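Peer 1: One structure is given below, represented as structure tokens, and several questions about it will come after.
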Amino acid sequence: MKTHDNFKPLILAHELKLEIGEGGCDPSPQAQNVYVAYYSSDEARLIRDLSCCPAIIIGSAGPNVRVSGAVFADQLVVQNLGDSISVVPLRTLCLKELDNYYTNLIRLMAVRGRRAGEVGVMPGRPARSSSTGVTRTLQPALLIGPHFQRYDDEQGKTVTLTYKRRLATEYPMKAVFVAEAKTDTETRDVVVKFTPVYGKAAHELLASASPPQAPKLHFCDAVESVGMWVVVMDYVEGKAVAGVLQDPARVASLQNAVKTLHANGFVFGDLRNPNVLEVGDGVMLIDSDFDWCGKEGTARYPSDILLEEGVWHAGVQRGGLLKYEHDWYQFRALTAG
């Protein structure tokens with residue numbers, strides 16, 4: 001299939017290596033780079049405006065094969081369609097295991113014989129192809145939202161979520177969304193976050209303060225079908241602290257939040273500018289890193305924390321314990337105290 005501009009959509013990108021480690025590169029990311037380069041070209045602009053450009057990505061290293069699916073939505077989305085599999089079975093497999101093995105292998109390889117999907121035109125604004133004069137319809141940026149779309153609130157009412165946009169587009173690895181939460185009686189905007197762990201007790205503690213120093217929680221639980229914690233909270237209008245926090249009332253508000261956490265045994269762990277929101281005359285600690293927040297002497301920093309010099313207390317280590325003095329170090333840096 002070709003467009004009116006004679007551009008042929010990419011259905012499948014396959015990168016082949018003779019063995020694992022050849023060339024010092026993983027073939028799967030290389031195949032992804034081929035996909036990105038193809039659809040980032042000027043020639044692909046029309047098809048990119050009309051479609052989310054679905055394609056199959058295959059990386060092969062020796063007998064090992066990994067198949068992924070890729071689309072351009074509000075950002076590039078690539079997801080494995082299964083585990084890496086070897087086309088050469090182990091000699092130790094019994095007959096039943098071999099039968100299951102070849103069944104899975106056939107299903108995997110059958111992907112190569114299928115189309116990744118027809119390029120569909122979605123409703124949006126009209127546009128004209130420069131080379132053919134044919135009017136097309138450009139789609140708005142497509143948001144592929146999570147499958148978690150409803151929950152029951154504290155009153156037992158069913159809440160339906162409609163995802164509107166990502167909250168932190170500069171951090172595509174973070175699954176944080178703005179959504180519309182609707183019951184039979186009201187509609188409100190909420191923030192929905194998906195995270196492996198979450199400091200629910202600490203968040204509830206600050207949300208119940210007067211005035212509140214964290215957004216109100218509506219749902220916060222580990223959801224089996226998601227495999228992560230799902231956190232739903234109020235969407236709060238405010239401004240992230242830029243530079244040093246100088247207003248005395250807001251400095252006192254932040255100090256009170258830290259004292260409240262410490263009085264109950266909690267360490268926030270990441271008291272940097274993006275996580276402190278100016279709201280009214282005070283501040284709120286927002287959701288970004290309540291997943292770090294935990295009890296002193298028990299909670300630990302992530303093993304992949306980026307330890308920039310001057311940003312963190314000298315005692316902060318990858319996988320190390322959170323301590324009260326770490327919060328006060330960042331408090332002083334944030335308030336020039």
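In the structure tokens, each chain is lettered A, B, ... as it comes, each chain's residues begin at 1, and ligands are numbered from 1 in order of appearance.
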Please provide the set of residues having any atom within 9 Å of Val226 (chain A), restricted to only C-alpha atoms, with same-chain residues fewer than 2 positions apart removed, written as a PyMOL selection string.
Peer 2: chain A and resi 146-148+194+222-224+228-230
Peer 1: Hey, what's within 9 Å of region 285-302 of chain A if we count only C-alpha atoms and toss same-chain stuff fewer than 6 positions away? As a ChimeraX atom specification, please?
Peer 2: /A:176,191,193,195-203,206,213-215,231,233,254,257,262,264-271,274-277,316-324
Peer 1: How many Å lie between CA of Tyr38 (chain A) and CA of Asn64 (chain A), rounded to one decimal?
Peer 2: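 Separation of CA of Tyr38 (chain A) and CA of Asn64 (chain A): 24.9 Å.
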Peer 1: Would you pick out the contacts of Leu245 (chain A) at 8 Å or less, using only C-alpha atoms, so that residues sharing its chain but fewer than 4 positions from it are not included, and give the list as a ChimeraX atom specification?
Peer 2: /A:241,250-251,334-336
Peer 1: If you run DSSP on the backbone here, which positions in region 16-102 of chain A get strand (DSSP E)? Please write them as a PyMOL selection string.
Peer 2: chain A and resi 16-17+55-61+64-72+76-80+85-86
Peer 1: Convert the current residue selection to file output with N, CA and C atoms, as a PDB file, in the first residue's frame.
Peer 2:
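As written to disk, selection.pdb reads:
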```
ATOM      1  N   LEU A  16      18.965  -7.849  12.313  1.00  0.00           N
ATOM      2  CA  LEU A  16      19.513  -9.189  12.505  1.00  0.00           C
ATOM      3  C   LEU A  16      20.991  -9.127  12.878  1.00  0.00           C
ATOM      4  N   LYS A  17      21.362  -9.819  13.951  1.00  0.00           N
ATOM      5  CA  LYS A  17      22.755  -9.995  14.354  1.00  0.00           C
ATOM      6  C   LYS A  17      23.061 -11.496  14.359  1.00  0.00           C
ATOM      7  N   ALA A  55       3.535  -0.555  13.620  1.00  0.00           N
ATOM      8  CA  ALA A  55       4.524  -1.417  12.965  1.00  0.00           C
ATOM      9  C   ALA A  55       4.975  -2.502  13.933  1.00  0.00           C
ATOM     10  N   ILE A  56       5.513  -3.559  13.381  1.00  0.00           N
ATOM     11  CA  ILE A  56       6.107  -4.642  14.153  1.00  0.00           C
ATOM     12  C   ILE A  56       7.617  -4.445  14.157  1.00  0.00           C
ATOM     13  N   ILE A  57       8.238  -4.573  15.322  1.00  0.00           N
ATOM     14  CA  ILE A  57       9.686  -4.436  15.481  1.00  0.00           C
ATOM     15  C   ILE A  57      10.248  -5.794  15.895  1.00  0.00           C
ATOM     16  N   ILE A  58      11.225  -6.296  15.138  1.00  0.00           N
ATOM     17  CA  ILE A  58      11.835  -7.589  15.453  1.00  0.00           C
ATOM     18  C   ILE A  58      13.340  -7.418  15.599  1.00  0.00           C
ATOM     19  N   GLY A  59      13.866  -7.908  16.697  1.00  0.00           N
ATOM     20  CA  GLY A  59      15.301  -7.947  16.912  1.00  0.00           C
ATOM     21  C   GLY A  59      15.770  -9.381  17.040  1.00  0.00           C
ATOM     22  N   SER A  60      16.730  -9.788  16.211  1.00  0.00           N
ATOM     23  CA  SER A  60      17.232 -11.174  16.231  1.00  0.00           C
ATOM     24  C   SER A  60      18.729 -11.171  16.492  1.00  0.00           C
ATOM     25  N   ALA A  61      19.145 -11.962  17.461  1.00  0.00           N
ATOM     26  CA  ALA A  61      20.569 -12.147  17.750  1.00  0.00           C
ATOM     27  C   ALA A  61      20.829 -13.643  17.792  1.00  0.00           C
ATOM     28  N   ASN A  64      18.007 -16.133  18.936  1.00  0.00           N
ATOM     29  CA  ASN A  64      17.095 -15.457  19.859  1.00  0.00           C
ATOM     30  C   ASN A  64      16.337 -14.334  19.162  1.00  0.00           C
ATOM     31  N   VAL A  65      15.017 -14.346  19.327  1.00  0.00           N
ATOM     32  CA  VAL A  65      14.145 -13.400  18.629  1.00  0.00           C
ATOM     33  C   VAL A  65      13.247 -12.688  19.646  1.00  0.00           C
ATOM     34  N   ARG A  66      13.115 -11.378  19.497  1.00  0.00           N
ATOM     35  CA  ARG A  66      12.177 -10.599  20.316  1.00  0.00           C
ATOM     36  C   ARG A  66      11.306  -9.763  19.385  1.00  0.00           C
ATOM     37  N   VAL A  67       9.981  -9.830  19.608  1.00  0.00           N
ATOM     38  CA  VAL A  67       9.017  -9.112  18.775  1.00  0.00           C
ATOM     39  C   VAL A  67       8.337  -8.041  19.624  1.00  0.00           C
ATOM     40  N   SER A  68       8.261  -6.817  19.079  1.00  0.00           N
ATOM     41  CA  SER A  68       7.606  -5.702  19.759  1.00  0.00           C
ATOM     42  C   SER A  68       6.641  -5.031  18.804  1.00  0.00           C
ATOM     43  N   GLY A  69       5.729  -4.267  19.372  1.00  0.00           N
ATOM     44  CA  GLY A  69       4.843  -3.425  18.580  1.00  0.00           C
ATOM     45  C   GLY A  69       5.203  -1.968  18.822  1.00  0.00           C
ATOM     46  N   ALA A  70       5.072  -1.132  17.791  1.00  0.00           N
ATOM     47  CA  ALA A  70       5.420   0.286  17.926  1.00  0.00           C
ATOM     48  C   ALA A  70       4.344   1.155  17.300  1.00  0.00           C
ATOM     49  N   VAL A  71       4.053   2.298  17.954  1.00  0.00           N
ATOM     50  CA  VAL A  71       3.153   3.310  17.407  1.00  0.00           C
ATOM     51  C   VAL A  71       3.678   4.690  17.801  1.00  0.00           C
ATOM     52  N   PHE A  72       3.339   5.688  17.001  1.00  0.00           N
ATOM     53  CA  PHE A  72       3.543   7.080  17.373  1.00  0.00           C
ATOM     54  C   PHE A  72       2.202   7.597  17.877  1.00  0.00           C
ATOM     55  N   LEU A  76       6.432   8.287  21.275  1.00  0.00           N
ATOM     56  CA  LEU A  76       6.747   6.961  20.759  1.00  0.00           C
ATOM     57  C   LEU A  76       6.431   5.913  21.818  1.00  0.00           C
ATOM     58  N   VAL A  77       5.676   4.887  21.424  1.00  0.00           N
ATOM     59  CA  VAL A  77       5.339   3.786  22.328  1.00  0.00           C
ATOM     60  C   VAL A  77       5.819   2.494  21.690  1.00  0.00           C
ATOM     61  N   VAL A  78       6.714   1.780  22.391  1.00  0.00           N
ATOM     62  CA  VAL A  78       7.195   0.477  21.939  1.00  0.00           C
ATOM     63  C   VAL A  78       7.003  -0.507  23.086  1.00  0.00           C
ATOM     64  N   GLN A  79       6.354  -1.620  22.829  1.00  0.00           N
ATOM     65  CA  GLN A  79       6.086  -2.602  23.877  1.00  0.00           C
ATOM     66  C   GLN A  79       6.352  -4.003  23.364  1.00  0.00           C
ATOM     67  N   ASN A  80       7.044  -4.797  24.184  1.00  0.00           N
ATOM     68  CA  ASN A  80       7.300  -6.187  23.820  1.00  0.00           C
ATOM     69  C   ASN A  80       5.985  -6.949  23.721  1.00  0.00           C
ATOM     70  N   ILE A  85      12.506 -15.346  22.589  1.00  0.00           N
ATOM     71  CA  ILE A  85      12.399 -16.790  22.399  1.00  0.00           C
ATOM     72  C   ILE A  85      13.496 -17.256  21.443  1.00  0.00           C
ATOM     73  N   SER A  86      13.994 -18.456  21.670  1.00  0.00           N
ATOM     74  CA  SER A  86      15.010 -19.038  20.793  1.00  0.00           C
ATOM     75  C   SER A  86      14.341 -19.942  19.767  1.00  0.00           C
TER      76      SER A  86
END
```
Peer 1: Can you tell me, as a PDB file with C-alpha atoms, in the first residue's frame, which residues in region 166-318 of chain A count as helix (DSSP H, G or I) by DSSP?
Peer 2:
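The result, written out as selection23.pdb:
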```pdb
ATOM      1  CA  LYS A 200       0.050   6.263  50.923  1.00  0.00           C
ATOM      2  CA  ALA A 201       0.148   6.888  54.683  1.00  0.00           C
ATOM      3  CA  ALA A 202       2.426   9.922  54.331  1.00  0.00           C
ATOM      4  CA  HIS A 203       0.314  11.365  51.525  1.00  0.00           C
ATOM      5  CA  GLU A 204      -2.888  10.939  53.565  1.00  0.00           C
ATOM      6  CA  LEU A 205      -1.181  12.572  56.538  1.00  0.00           C
ATOM      7  CA  LEU A 206      -0.394  15.773  54.618  1.00  0.00           C
ATOM      8  CA  ALA A 207      -3.685  15.757  52.692  1.00  0.00           C
ATOM      9  CA  PRO A 248       7.997  33.793  54.487  1.00  0.00           C
ATOM     10  CA  ALA A 249       4.505  32.290  54.600  1.00  0.00           C
ATOM     11  CA  ARG A 250       5.405  29.634  52.024  1.00  0.00           C
ATOM     12  CA  VAL A 251       8.730  28.880  53.721  1.00  0.00           C
ATOM     13  CA  ALA A 252       6.836  28.359  56.994  1.00  0.00           C
ATOM     14  CA  SER A 253       4.287  26.163  55.180  1.00  0.00           C
ATOM     15  CA  LEU A 254       7.024  23.947  53.737  1.00  0.00           C
ATOM     16  CA  GLN A 255       8.769  23.739  57.107  1.00  0.00           C
ATOM     17  CA  ASN A 256       5.499  22.674  58.737  1.00  0.00           C
ATOM     18  CA  ALA A 257       5.011  19.932  56.125  1.00  0.00           C
ATOM     19  CA  VAL A 258       8.506  18.535  56.777  1.00  0.00           C
ATOM     20  CA  LYS A 259       7.981  18.691  60.560  1.00  0.00           C
ATOM     21  CA  THR A 260       4.631  16.903  60.235  1.00  0.00           C
ATOM     22  CA  LEU A 261       6.207  14.086  58.240  1.00  0.00           C
ATOM     23  CA  HIS A 262       9.144  13.723  60.632  1.00  0.00           C
ATOM     24  CA  ALA A 263       6.911  13.802  63.718  1.00  0.00           C
ATOM     25  CA  ASN A 273      11.711  22.327  43.287  1.00  0.00           C
ATOM     26  CA  PRO A 274       9.508  20.241  40.931  1.00  0.00           C
ATOM     27  CA  ASN A 275       7.936  18.473  43.916  1.00  0.00           C
ATOM     28  CA  ASP A 287       2.664  13.325  44.037  1.00  0.00           C
ATOM     29  CA  SER A 288       5.871  12.965  42.020  1.00  0.00           C
ATOM     30  CA  ASP A 289       7.875  11.272  44.744  1.00  0.00           C
TER      31      ASP A 289
END
```
Peer 1: CA of Thr158 (chain A) to CA of Thr183 (chain A): how many Å, to one decimal?
Peer 2: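 CA of Thr158 (chain A) sits 6.2 Å away from CA of Thr183 (chain A).
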Peer 1: Go ahead and compute the interatomic distance for CA of Gly282 (chain A) and CA of Val178 (chain A), in Å to one decimal.
Peer 2: 23.0 Å
